[in-house]
>>> print(open('target_20.csv').read())   # CSV, C-alpha atoms and all ligand atoms
chain,number,residue,atom,x,y,z
O,1062,MET,CA,69.3,107.7,194.5
O,1063,THR,CA,70.1,110.0,191.6
O,1064,ALA,CA,69.4,113.7,191.9
O,1065,PRO,CA,66.1,113.6,189.9
O,1066,GLU,CA,65.0,110.7,192.0
O,1067,VAL,CA,65.6,112.6,195.3
O,1068,ASN,CA,63.8,115.6,193.8
O,1069,ARG,CA,60.8,113.4,192.8
O,1070,ALA,CA,60.7,111.8,196.3
O,1071,PHE,CA,60.8,115.2,197.9
O,1072,ARG,CA,57.9,116.5,195.8
O,1073,HIS,CA,56.0,113.4,196.6
O,1074,TRP,CA,56.2,113.8,200.3
O,1075,ALA,CA,55.6,117.6,200.1
O,1076,ALA,CA,52.4,116.9,198.2
O,1077,LEU,CA,51.3,114.4,200.8
O,1078,LEU,CA,52.0,116.8,203.7
O,1079,LEU,CA,50.1,119.6,201.9
O,1080,ALA,CA,47.1,117.3,201.4
O,1081,LEU,CA,47.1,116.7,205.2
O,1082,VAL,CA,46.7,120.5,205.9
O,1083,PRO,CA,43.0,120.7,205.0
O,1084,LEU,CA,42.4,117.5,206.9
O,1085,VAL,CA,44.0,118.8,210.1
O,1086,ALA,CA,42.1,122.1,209.6
O,1087,LEU,CA,38.8,120.1,209.2
O,1088,ALA,CA,39.5,118.0,212.3
O,1089,ALA,CA,40.3,121.2,214.3
O,1090,GLY,CA,36.7,122.3,213.6
O,1091,CYS,CA,35.4,119.3,215.4
O,1092,THR,CA,34.6,121.1,218.7
O,1093,LEU,CA,31.1,121.3,220.1
O,1094,HIS,CA,31.8,124.6,221.7
O,1095,ASP,CA,30.8,126.9,218.9
O,1096,TYR,CA,28.1,124.7,217.5
O,1097,PRO,CA,25.2,124.6,220.0
O,1098,GLN,CA,23.0,123.0,217.3
O,1099,SER,CA,25.4,120.0,216.9
O,1100,SER,CA,23.6,116.7,217.0
O,1101,LEU,CA,26.7,115.1,218.4
O,1102,ASN,CA,26.0,116.6,221.8
O,1103,PRO,CA,23.4,114.2,223.3
O,1104,GLN,CA,21.4,115.5,226.4
O,1105,SER,CA,18.5,113.1,226.5
O,1106,ASP,CA,17.8,109.3,226.4
O,1107,TYR,CA,16.6,109.7,222.8
O,1108,ALA,CA,19.7,111.5,221.7
O,1109,TRP,CA,21.9,109.0,223.5
O,1110,SER,CA,20.4,106.0,221.8
O,1111,ILE,CA,21.2,107.6,218.5
O,1112,GLN,CA,24.7,108.6,219.7
O,1113,HIS,CA,25.4,105.0,220.8
O,1114,LEU,CA,24.3,103.6,217.5
O,1115,LEU,CA,26.5,106.1,215.7
O,1116,GLU,CA,29.5,105.3,217.9
O,1117,GLN,CA,29.1,101.5,217.4
O,1118,LEU,CA,28.7,101.8,213.7
O,1119,THR,CA,31.6,104.2,213.3
O,1120,PHE,CA,33.9,101.8,215.2
O,1121,TRP,CA,33.1,98.9,212.9
O,1122,VAL,CA,33.3,101.1,209.8
O,1123,VAL,CA,36.8,102.2,210.8
O,1124,VAL,CA,37.8,98.6,211.5
O,1125,ILE,CA,36.6,97.4,208.1
O,1126,PHE,CA,38.1,100.4,206.3
O,1127,ALA,CA,41.5,99.8,207.9
O,1128,PHE,CA,41.3,96.1,207.0
O,1129,VAL,CA,40.5,96.8,203.4
O,1130,GLN,CA,43.2,99.5,203.1
O,1131,LEU,CA,45.8,97.2,204.6
O,1132,LEU,CA,44.8,94.5,202.2
O,1133,ILE,CA,45.1,96.8,199.2
O,1134,LEU,CA,48.5,98.0,200.4
O,1135,TYR,CA,49.7,94.4,200.8
O,1136,VAL,CA,48.5,93.4,197.3
O,1137,VAL,CA,50.0,96.5,195.7
O,1138,ILE,CA,53.4,95.8,197.3
O,1139,ARG,CA,53.4,92.1,197.1
O,1140,PHE,CA,52.3,91.8,193.4
O,1141,ARG,CA,54.0,94.9,192.0
O,1142,ALA,CA,55.8,94.7,188.7
O,1143,ARG,CA,59.5,93.8,189.1
O,1144,PRO,CA,62.1,94.2,186.4
O,1145,GLY,CA,62.5,91.0,184.5
O,1146,ALA,CA,59.5,89.3,186.0
O,1147,PRO,CA,57.4,87.1,183.7
O,1148,MET,CA,53.9,88.2,182.7
O,1149,PRO,CA,51.4,87.2,185.5
O,1150,LYS,CA,49.1,84.3,184.8
O,1151,PRO,CA,45.5,85.5,183.9
O,1152,VAL,CA,43.0,84.2,186.4
O,1153,HIS,CA,39.2,84.0,185.8
O,1154,GLY,CA,36.7,83.3,188.6
O,1155,ASN,CA,37.1,81.9,192.0
O,1156,THR,CA,33.9,80.4,193.3
O,1157,ALA,CA,35.1,80.2,196.9
O,1158,LEU,CA,36.2,83.8,196.9
O,1159,GLU,CA,33.0,85.0,195.3
O,1160,ILE,CA,30.8,83.2,197.7
O,1161,ALA,CA,32.9,84.6,200.6
O,1162,TRP,CA,32.7,88.3,199.4
O,1163,THR,CA,29.0,88.0,198.9
O,1164,ILE,CA,28.3,86.4,202.3
O,1165,ALA,CA,30.6,88.6,204.3
O,1166,PRO,CA,28.9,92.0,203.4
O,1167,ALA,CA,25.5,90.4,203.9
O,1168,ILE,CA,26.5,89.4,207.4
O,1169,ILE,CA,27.9,92.8,208.1
O,1170,LEU,CA,24.7,94.5,206.9
O,1171,ALA,CA,22.6,92.1,209.1
O,1172,LEU,CA,24.8,93.0,212.1
O,1173,VAL,CA,24.3,96.7,211.3
O,1174,ALA,CA,20.6,96.3,211.0
O,1175,VAL,CA,20.1,94.8,214.5
O,1176,PRO,CA,21.2,97.9,216.6
O,1177,THR,CA,19.7,100.2,214.0
O,1178,VAL,CA,16.2,98.6,214.2
O,1179,MET,CA,16.5,98.5,218.0
O,1180,ALA,CA,17.2,102.2,218.1
O,1181,ILE,CA,14.3,103.0,215.7
O,1182,PHE,CA,11.9,101.1,218.0
O,1183,LYS,CA,13.3,102.8,221.1
O,1184,THR,CA,12.9,106.3,219.7
O,1185,GLN,CA,9.3,105.4,218.6
O,1186,SER,CA,8.2,103.9,221.8
O,1187,LYS,CA,5.2,105.0,223.9
O,1188,PRO,CA,6.1,107.6,226.6
O,1189,ALA,CA,6.6,106.3,230.1
O,1190,ALA,CA,3.7,106.5,232.6
O,1191,GLY,CA,3.7,109.8,234.4
O,1192,ALA,CA,5.1,111.7,231.4
O,1193,LEU,CA,4.4,115.4,231.2
O,1194,GLN,CA,2.1,116.1,228.2
O,1195,VAL,CA,3.1,118.9,225.9
O,1196,LYS,CA,1.2,119.8,222.8
O,1197,VAL,CA,3.4,121.4,220.1
O,1198,ILE,CA,1.7,123.4,217.4
O,1199,GLY,CA,3.8,124.6,214.5
O,1200,HIS,CA,2.8,127.9,212.9
O,1201,GLN,CA,4.4,129.8,210.1
O,1202,TRP,CA,6.9,130.7,211.7
O,1203,TRP,CA,6.7,130.2,215.4
O,1204,TRP,CA,6.1,127.4,217.9
O,1205,GLU,CA,3.2,127.2,220.3
O,1206,PHE,CA,3.5,125.0,223.4
O,1207,GLN,CA,0.5,123.9,225.4
O,1208,TYR,CA,0.5,122.0,228.6
O,1209,PRO,CA,-3.0,120.6,228.8
O,1210,GLU,CA,-2.7,119.2,232.3
O,1211,LEU,CA,-1.3,122.5,233.6
O,1212,GLY,CA,-3.5,124.9,231.7
O,1213,VAL,CA,-0.5,126.8,230.3
O,1214,THR,CA,0.1,128.1,226.8
O,1215,THR,CA,3.3,129.7,225.7
O,1216,ALA,CA,5.4,130.3,222.5
O,1217,GLY,CA,8.9,130.0,221.3
O,1218,GLU,CA,10.4,128.9,224.7
O,1219,LEU,CA,9.7,125.4,226.0
O,1220,HIS,CA,10.2,124.8,229.7
O,1221,ILE,CA,10.5,121.2,230.9
O,1222,PRO,CA,11.7,119.6,234.2
O,1223,VAL,CA,14.9,117.6,234.0
O,1224,HIS,CA,14.8,113.7,234.3
O,1225,ARG,CA,11.0,113.7,233.7
O,1226,PRO,CA,9.7,111.9,230.6
O,1227,ILE,CA,7.9,114.4,228.3
O,1228,ALA,CA,5.2,113.1,225.8
O,1229,PHE,CA,4.9,115.5,222.9
O,1230,ASP,CA,1.8,115.6,220.6
O,1231,LEU,CA,2.9,117.3,217.4
O,1232,GLU,CA,0.4,119.2,215.3
O,1233,THR,CA,0.5,122.0,212.8
O,1234,ALA,CA,-1.8,125.0,212.2
O,1235,ASP,CA,-0.8,125.3,208.5
O,1236,VAL,CA,2.0,123.5,206.5
O,1237,ILE,CA,4.4,120.7,207.4
O,1238,HIS,CA,7.0,121.7,210.0
O,1239,SER,CA,9.6,119.5,211.8
O,1240,PHE,CA,10.3,119.6,215.5
O,1241,TRP,CA,14.0,119.5,216.3
O,1242,PHE,CA,16.1,120.1,219.3
O,1243,PRO,CA,19.4,118.6,218.2
O,1244,ALA,CA,20.7,118.0,221.7
O,1245,MET,CA,17.5,116.0,222.5
O,1246,GLY,CA,17.2,113.9,219.3
O,1247,GLY,CA,14.5,114.2,216.6
O,1248,LYS,CA,13.5,115.3,214.1
O,1249,ARG,CA,9.8,114.6,213.9
O,1250,ASP,CA,7.4,116.1,211.4
O,1251,LEU,CA,4.2,118.0,212.2
O,1252,ILE,CA,1.7,117.0,209.5
O,1253,PRO,CA,-1.5,118.8,208.7
O,1254,SER,CA,-4.7,117.1,210.1
O,1255,ARG,CA,-2.8,114.4,212.0
O,1256,THR,CA,-1.0,114.2,215.4
O,1257,ASN,CA,2.5,112.8,215.6
O,1258,HIS,CA,4.1,111.7,218.8
O,1259,MET,CA,7.5,111.8,220.3
O,1260,GLY,CA,9.0,111.6,223.7
O,1261,PHE,CA,12.3,112.1,225.5
O,1262,THR,CA,13.7,112.6,229.0
O,1263,ALA,CA,16.3,115.4,229.2
O,1264,ASP,CA,19.2,114.5,231.4
O,1265,SER,CA,20.9,117.9,232.0
O,1266,ILE,CA,19.8,121.3,233.0
O,1267,GLY,CA,20.4,124.1,230.5
O,1268,THR,CA,19.1,126.0,227.6
O,1269,PHE,CA,19.2,124.3,224.2
O,1270,PRO,CA,18.4,125.8,220.8
O,1271,GLY,CA,16.0,124.2,218.4
O,1272,GLN,CA,14.9,124.9,214.9
O,1273,CYS,CA,12.2,123.9,212.4
O,1274,ALA,CA,13.7,121.3,210.2
O,1275,GLU,CA,11.3,121.2,207.3
O,1276,LEU,CA,11.2,124.0,204.7
O,1277,CYS,CA,7.9,125.7,205.5
O,1278,GLY,CA,8.0,129.0,203.7
O,1279,LEU,CA,9.7,132.3,203.5
O,1280,SER,CA,10.8,132.6,207.1
O,1281,HIS,CA,11.5,128.9,207.7
O,1282,ALA,CA,15.1,129.7,208.8
O,1283,ASN,CA,13.6,132.2,211.3
O,1284,MET,CA,11.4,129.6,213.0
O,1285,ARG,CA,13.6,128.8,216.0
O,1286,MET,CA,12.9,127.8,219.6
O,1287,LYS,CA,14.6,127.4,222.9
O,1288,LEU,CA,14.4,124.5,225.3
O,1289,MET,CA,14.8,125.4,229.0
O,1290,VAL,CA,15.5,122.2,231.0
O,1291,GLU,CA,15.0,123.1,234.6
O,1292,THR,CA,15.1,121.6,238.1
O,1293,PRO,CA,11.6,120.4,239.1
O,1294,ALA,CA,11.4,123.3,241.6
O,1295,ASP,CA,12.3,125.9,239.0
O,1296,PHE,CA,9.8,124.4,236.6
O,1297,GLU,CA,7.1,124.6,239.3
O,1298,THR,CA,7.9,128.2,239.8
O,1299,TRP,CA,7.7,128.9,236.1
O,1300,VAL,CA,4.3,127.1,235.9
O,1301,SER,CA,2.8,129.0,238.7
O,1302,GLY,CA,4.0,132.3,237.1
O,1303,GLN,CA,2.3,131.2,233.8
O,1304,LYS,CA,-0.9,130.3,235.5
O,1305,ALA,CA,-1.2,133.6,237.3
O,1306,PRO,CA,-3.4,136.3,235.7
O,1307,PRO,CA,-1.5,138.9,233.6
O,1308,ALA,CA,-0.1,141.9,235.4
O,1309,GLU,CA,-2.5,144.8,235.6
O,1310,PRO,CA,-0.6,148.0,234.9
O,1311,ASP,CA,-1.5,151.2,236.7
O,1312,SER,CA,-4.0,153.0,234.4
O,1313,THR,CA,-2.0,156.3,234.6
O,1314,SER,CA,1.3,154.7,233.7
O,1315,LEU,CA,2.8,154.3,230.3
O,1316,ALA,CA,2.1,150.6,230.5
O,1317,GLY,CA,-1.5,151.4,231.3
O,1318,HIS,CA,-1.7,153.6,228.3
O,1319,GLY,CA,-0.1,150.7,226.3
O,1320,LYS,CA,-2.9,148.3,227.5
O,1321,LEU,CA,-5.5,150.7,226.1
O,1322,GLU,CA,-3.6,150.8,222.8
O,1323,PHE,CA,-3.5,147.0,222.7
O,1324,ALA,CA,-7.2,146.5,223.7
O,1325,ASN,CA,-8.4,149.1,221.3
O,1326,GLY,CA,-6.1,148.3,218.4
O,1327,VAL,CA,-5.7,145.5,215.8
O,1328,CYS,CA,-3.7,143.4,218.2
O,1329,ILE,CA,-6.7,141.8,219.8
O,1330,THR,CA,-7.7,140.2,216.5
O,1331,CYS,CA,-4.7,137.9,216.6
O,1332,HIS,CA,-3.3,137.7,220.1
O,1333,THR,CA,-4.6,136.4,223.4
O,1334,ILE,CA,-3.9,138.2,226.7
O,1335,ASP,CA,-6.0,136.5,229.4
O,1336,GLY,CA,-8.8,138.9,230.3
O,1337,VAL,CA,-8.0,141.3,227.5
O,1338,SER,CA,-8.3,139.5,224.2
O,1339,ALA,CA,-8.7,136.1,222.7
O,1340,GLY,CA,-7.0,136.1,219.2
O,1341,ILE,CA,-5.4,132.8,218.1
O,1342,LEU,CA,-3.4,133.7,215.0
O,1343,GLY,CA,-0.4,134.9,216.9
O,1344,PRO,CA,1.5,133.9,220.1
O,1345,ASN,CA,-0.3,134.1,223.4
O,1346,LEU,CA,1.1,137.3,225.1
O,1347,THR,CA,-0.3,136.8,228.6
O,1348,HIS,CA,3.2,136.4,230.1
O,1349,PHE,CA,5.2,137.8,227.2
O,1350,ALA,CA,7.7,139.4,229.5
O,1351,SER,CA,8.6,136.1,231.0
O,1352,ARG,CA,10.2,135.1,227.7
O,1353,ARG,CA,13.8,136.0,226.8
O,1354,THR,CA,13.2,136.0,223.1
O,1355,PHE,CA,10.3,136.6,220.6
O,1356,ALA,CA,9.1,136.1,217.1
O,1357,GLY,CA,10.2,132.4,216.7
O,1358,SER,CA,13.0,133.0,219.2
O,1359,LEU,CA,14.6,135.2,216.6
O,1360,PHE,CA,15.1,138.4,218.6
O,1361,GLU,CA,16.2,139.0,222.2
O,1362,SER,CA,13.3,140.6,224.1
O,1363,ASN,CA,14.4,144.2,224.8
O,1364,PRO,CA,12.9,147.6,224.1
O,1365,HIS,CA,15.1,148.3,221.1
O,1366,ASN,CA,14.1,145.0,219.3
O,1367,LEU,CA,10.5,145.4,220.4
O,1368,GLY,CA,10.5,148.9,219.0
O,1369,ARG,CA,11.7,147.7,215.6
O,1370,TRP,CA,9.2,144.8,215.7
O,1371,LEU,CA,6.2,147.0,216.5
O,1372,THR,CA,7.2,149.7,214.1
O,1373,ALA,CA,7.5,147.4,211.0
O,1374,PRO,CA,7.2,143.7,211.8
O,1375,GLN,CA,7.1,142.8,208.1
O,1376,ASP,CA,10.7,144.2,207.8
O,1377,GLN,CA,11.9,142.1,210.6
O,1378,LYS,CA,10.5,138.7,209.5
O,1379,PRO,CA,9.8,138.1,205.9
O,1380,GLY,CA,6.3,136.9,205.1
O,1381,VAL,CA,4.8,137.5,208.6
O,1382,ILE,CA,1.0,138.0,208.7
O,1383,MET,CA,1.6,140.7,211.4
O,1384,ASN,CA,2.2,143.1,208.5
O,1385,TRP,CA,1.4,146.7,208.9
O,1386,LYS,CA,1.4,147.3,205.2
O,1387,THR,CA,-1.3,144.7,204.3
O,1388,LEU,CA,-3.2,145.5,207.5
O,1389,GLY,CA,-3.0,149.3,206.9
O,1390,VAL,CA,-1.7,149.9,210.4
O,1391,THR,CA,0.5,152.8,211.3
O,1392,LEU,CA,1.7,153.2,214.9
O,1393,ALA,CA,3.1,156.5,216.1
O,1394,PRO,CA,6.3,156.3,218.1
O,1395,GLU,CA,4.3,157.2,221.3
O,1396,GLN,CA,2.0,154.3,220.6
O,1397,VAL,CA,4.9,151.9,220.1
O,1398,ASN,CA,6.6,153.1,223.3
O,1399,ALA,CA,3.4,152.6,225.3
O,1400,LEU,CA,2.9,149.1,223.8
O,1401,ILE,CA,6.5,148.2,224.7
O,1402,ALA,CA,5.9,149.3,228.3
O,1403,TYR,CA,2.8,147.2,228.5
O,1404,LEU,CA,4.3,144.1,226.9
O,1405,GLN,CA,7.3,144.4,229.2
O,1406,SER,CA,5.0,144.6,232.2
O,1407,LEU,CA,3.4,141.2,231.3
O,1408,LYS,CA,5.8,139.2,233.5
O,1501,LIG,C1,-2.9,139.6,211.7
O,1501,LIG,C2,-2.6,139.1,213.0
O,1501,LIG,C3,-1.7,139.9,214.0
O,1501,LIG,C4,-2.0,141.2,214.4
O,1501,LIG,C5,-3.1,142.1,214.0
O,1501,LIG,C6,-1.0,141.5,215.4
O,1501,LIG,N1,-0.1,140.4,215.5
O,1501,LIG,FE1,1.5,140.3,216.7
O,1501,LIG,N2,2.0,138.5,215.9
O,1501,LIG,C7,1.2,137.8,214.9
O,1501,LIG,C8,1.9,136.6,214.6
O,1501,LIG,C9,1.5,135.6,213.6
O,1501,LIG,C10,3.1,136.6,215.3
O,1501,LIG,C11,4.2,135.6,215.3
O,1501,LIG,C12,5.2,136.0,214.2
O,1501,LIG,C13,6.3,135.0,214.0
O,1501,LIG,O1,7.1,134.9,215.0
O,1501,LIG,O2,6.5,134.5,212.9
O,1501,LIG,C14,3.1,137.8,216.1
O,1501,LIG,C15,4.1,138.1,217.1
O,1501,LIG,C16,4.0,139.2,218.0
O,1501,LIG,C17,4.9,139.4,219.1
O,1501,LIG,C18,6.0,138.4,219.5
O,1501,LIG,C19,5.4,137.4,220.3
O,1501,LIG,C20,6.3,136.2,220.7
O,1501,LIG,O3,6.4,135.8,221.8
O,1501,LIG,O4,7.0,135.7,219.8
O,1501,LIG,C21,4.5,140.5,219.7
O,1501,LIG,C22,5.1,141.1,221.0
O,1501,LIG,C23,3.3,141.0,219.0
O,1501,LIG,N3,3.0,140.2,217.9
O,1501,LIG,C24,2.6,142.1,219.4
O,1501,LIG,C25,1.6,142.6,218.6
O,1501,LIG,C26,0.9,143.9,218.9
O,1501,LIG,C27,1.3,144.8,220.1
O,1501,LIG,C28,0.0,144.0,218.0
O,1501,LIG,C29,-1.0,145.2,217.8
O,1501,LIG,C30,-0.3,146.5,217.6
O,1501,LIG,C31,0.0,142.9,217.1
O,1501,LIG,N4,1.0,142.0,217.6
O,1501,LIG,C32,-0.9,142.7,216.1
O,1501,LIG,C33,0.0,138.2,214.4
O,1501,LIG,C34,-0.5,139.4,214.6
O,1502,CU,CU,10.2,125.3,208.8
>>> encode(input="target_20.csv", output="structure tokens")
Amino acid sequence: MTAPEVNRAFRHWAALLLALVPLVALAAGCTLHDYPQSSLNPQSDYAWSIQHLLEQLTFWVVVIFAFVQLLILYVVIRFRARPGAPMPKPVHGNTALEIAWTIAPAIILALVAVPTVMAIFKTQSKPAAGALQVKVIGHQWWWEFQYPELGVTTAGELHIPVHRPIAFDLETADVIHSFWFPAMGGKRDLIPSRTNHMGFTADSIGTFPGQCAELCGLSHANMRMKLMVETPADFETWVSGQKAPPAEPDSTSLAGHGKLEFANGVCITCHTIDGVSAGILGPNLTHFASRRTFAGSLFESNPHNLGRWLTAPQDQKPGVIMNWKTLGVTLAPEQVNALIAYLQSLK
């Protein structure tokens, strides 16, 4: 090789290596660890049927891709221009080849369709007998969960027992939302004035994040939820806690004072606390303190965050109807503190 040739070859390889850098960086990002909402982390029968489909199809796509690339390489090398070679003979049409490359993709597509349609039917199937019924109601911008058989209503945090099929009825109080726990499968839309269905059986214990997956207004991105998959015993404990009447604070305590603030204020027009109020525009607060997060699972439930929420909810969550400006509410810091104490007593 002459010097300019070596130079050119060197630059060639250097460019190739450089092009690999972003690829390697990209692949290094492929860890599930920091992405709890990854949909490649199946934890239910539903999610596994999609994962299996994806794995199968990816395998065949890679095989076909490799085959085509090898074929191209072979043709490029085998039929490259050589010094002194005659002009190649022009060829037009080859019936056998054309039939072959029409039929082959058709067969491949048919083979792809079989497992795909099977997975679609599987994820649309009726829930197994003995499934636990859960009614999901989407609201701008929070999730309500009702367990009709158990007489329990909660918000933001969905508790289910592991290994038990769950049958969801999906409804909305306002616009279209979409129910999505990536680790469990989904998504499925909540459509005004109709009930959609979906079911899955979670196969591991843990807490999994979820998110509304259909643009539903100003705080769509703040419409989150948590799924707590528990042992049957832990789930039973949670249910009996939810069925119990709300805690009754000592009337002379700060929480007792907060209860009066609640019962005599605007709160009762929108919120239910069993035995205290029956509003339905906001989350049921009967066992508010049993939840780790609030306002569409957006904030951790602690006095600091609750203080900010009760002082100016409209500044914490854009568009929220719990809006002190439009409702003309002002709460003094003492009122806020009493309400926090009361809310935190509602275990
Ligand atoms: C106009 C109706 C309305 C009024 C009045 C109202 N709220 Fe709300 N509240 C809501 C709505 C709606 C949400 C859910 C907001 C969201 O997450 O998007 C909410 C959320 C909350 C939450 C978080 C609940 C959860 O689990 O996510 C608390 C706590 C709360 N309100 C307390 C109060 C208190 C205390 C008052 C009275 C001082 C009050 N609210 C007055 C409508 C109202
Ligand atoms: Cu949404």
>>> residues_near_ligand(input="target_20.csv", ligand="ligand LIG 1501 (chain O)", cutoff="7 Å", atoms="all atoms listed in the file", output="JSON, numbers by chain")
{"O": [1201, 1202, 1203, 1216, 1217, 1284, 1323, 1326, 1327, 1328, 1329, 1330, 1331, 1332, 1342, 1343, 1344, 1346, 1349, 1354, 1355, 1356, 1357, 1358, 1367, 1371, 1378, 1381, 1382, 1383, 1384, 1400, 1404]}
>>> closest_atom_pairs(input="target_20.csv", of="chain O", to="ligand CU 1502 (chain O)", cutoff="9 Å", atoms="all atoms listed in the file", output="JSON lines")
{"residue": "O:Gly1199", "atom": "CA", "partner": "O:CU1502", "partner_atom": "CU", "distance": 8.6}
{"residue": "O:His1200", "atom": "CA", "partner": "O:CU1502", "partner_atom": "CU", "distance": 8.9}
{"residue": "O:Gln1201", "atom": "CA", "partner": "O:CU1502", "partner_atom": "CU", "distance": 7.5}
{"residue": "O:Trp1202", "atom": "CA", "partner": "O:CU1502", "partner_atom": "CU", "distance": 7.0}
{"residue": "O:Trp1203", "atom": "CA", "partner": "O:CU1502", "partner_atom": "CU", "distance": 8.9}
{"residue": "O:Val1236", "atom": "CA", "partner": "O:CU1502", "partner_atom": "CU", "distance": 8.7}
{"residue": "O:Ile1237", "atom": "CA", "partner": "O:CU1502", "partner_atom": "CU", "distance": 7.5}
{"residue": "O:His1238", "atom": "CA", "partner": "O:CU1502", "partner_atom": "CU", "distance": 5.0}
{"residue": "O:Ser1239", "atom": "CA", "partner": "O:CU1502", "partner_atom": "CU", "distance": 6.6}
{"residue": "O:Phe1240", "atom": "CA", "partner": "O:CU1502", "partner_atom": "CU", "distance": 8.8}
{"residue": "O:Gln1272", "atom": "CA", "partner": "O:CU1502", "partner_atom": "CU", "distance": 7.7}
{"residue": "O:Cys1273", "atom": "CA", "partner": "O:CU1502", "partner_atom": "CU", "distance": 4.3}
{"residue": "O:Ala1274", "atom": "CA", "partner": "O:CU1502", "partner_atom": "CU", "distance": 5.5}
{"residue": "O:Glu1275", "atom": "CA", "partner": "O:CU1502", "partner_atom": "CU", "distance": 4.5}
{"residue": "O:Leu1276", "atom": "CA", "partner": "O:CU1502", "partner_atom": "CU", "distance": 4.4}
{"residue": "O:Cys1277", "atom": "CA", "partner": "O:CU1502", "partner_atom": "CU", "distance": 4.0}
{"residue": "O:Gly1278", "atom": "CA", "partner": "O:CU1502", "partner_atom": "CU", "distance": 6.7}
{"residue": "O:Leu1279", "atom": "CA", "partner": "O:CU1502", "partner_atom": "CU", "distance": 8.8}
{"residue": "O:Ser1280", "atom": "CA", "partner": "O:CU1502", "partner_atom": "CU", "distance": 7.5}
{"residue": "O:His1281", "atom": "CA", "partner": "O:CU1502", "partner_atom": "CU", "distance": 4.0}
{"residue": "O:Ala1282", "atom": "CA", "partner": "O:CU1502", "partner_atom": "CU", "distance": 6.6}
{"residue": "O:Asn1283", "atom": "CA", "partner": "O:CU1502", "partner_atom": "CU", "distance": 8.1}
{"residue": "O:Met1284", "atom": "CA", "partner": "O:CU1502", "partner_atom": "CU", "distance": 6.1}
{"residue": "O:Arg1285", "atom": "CA", "partner": "O:CU1502", "partner_atom": "CU", "distance": 8.7}
>>> atom_distance(input="target_20.csv", atom1="atom CA of O:Glu1210", atom2="atom CA of O:Ile1198")
16.1 Å
>>> residues_around(input="target_20.csv", residues="O:Ala1180", least_positions_apart="4", cutoff="12 Å", atoms="all atoms listed in the file", output="PyMOL selection string")
chain O and resi 1106-1115+1117+1173-1176+1184-1186+1246
>>> atom_distance(input="target_20.csv", atom1="atom CA of O:Asn1068", atom2="atom CA of O:Tyr1135")
26.4 Å
>>> build_atoms(input="target_20.csv", residues="stretch 1330-1343 of chain O", atoms="N, CA and C atoms", output="CSV table (one decimal), in the frame of the given file")
chain,number,residue,atom,x,y,z
O,1330,THR,N,-7.2,141.1,217.5
O,1330,THR,CA,-7.7,140.2,216.5
O,1330,THR,C,-6.8,138.9,216.4
O,1331,CYS,N,-5.6,139.0,216.8
O,1331,CYS,CA,-4.7,137.9,216.6
O,1331,CYS,C,-4.1,137.3,217.9
O,1332,HIS,N,-4.0,138.2,218.9
O,1332,HIS,CA,-3.3,137.7,220.1
O,1332,HIS,C,-4.2,137.6,221.3
O,1333,THR,N,-3.9,136.6,222.2
O,1333,THR,CA,-4.6,136.4,223.4
O,1333,THR,C,-3.7,137.0,224.5
O,1334,ILE,N,-4.4,137.8,225.4
O,1334,ILE,CA,-3.9,138.2,226.7
O,1334,ILE,C,-5.0,137.9,227.6
O,1335,ASP,N,-4.9,137.0,228.5
O,1335,ASP,CA,-6.0,136.5,229.4
O,1335,ASP,C,-6.7,137.7,230.0
O,1336,GLY,N,-8.0,137.8,229.8
O,1336,GLY,CA,-8.8,138.9,230.3
O,1336,GLY,C,-8.9,140.1,229.5
O,1337,VAL,N,-8.1,140.1,228.4
O,1337,VAL,CA,-8.0,141.3,227.5
O,1337,VAL,C,-8.5,141.0,226.1
O,1338,SER,N,-8.0,139.8,225.6
O,1338,SER,CA,-8.3,139.5,224.2
O,1338,SER,C,-8.2,138.0,224.0
O,1339,ALA,N,-8.6,137.5,222.9
O,1339,ALA,CA,-8.7,136.1,222.7
O,1339,ALA,C,-8.3,135.7,221.2
O,1340,GLY,N,-7.4,136.4,220.6
O,1340,GLY,CA,-7.0,136.1,219.2
O,1340,GLY,C,-6.2,134.8,219.2
O,1341,ILE,N,-6.2,134.1,218.1
O,1341,ILE,CA,-5.4,132.8,218.1
O,1341,ILE,C,-4.5,132.7,216.9
O,1342,LEU,N,-4.3,133.8,216.2
O,1342,LEU,CA,-3.4,133.7,215.0
O,1342,LEU,C,-2.0,134.0,215.3
O,1343,GLY,N,-1.8,134.6,216.5
O,1343,GLY,CA,-0.4,134.9,216.9
O,1343,GLY,C,-0.1,134.3,218.3
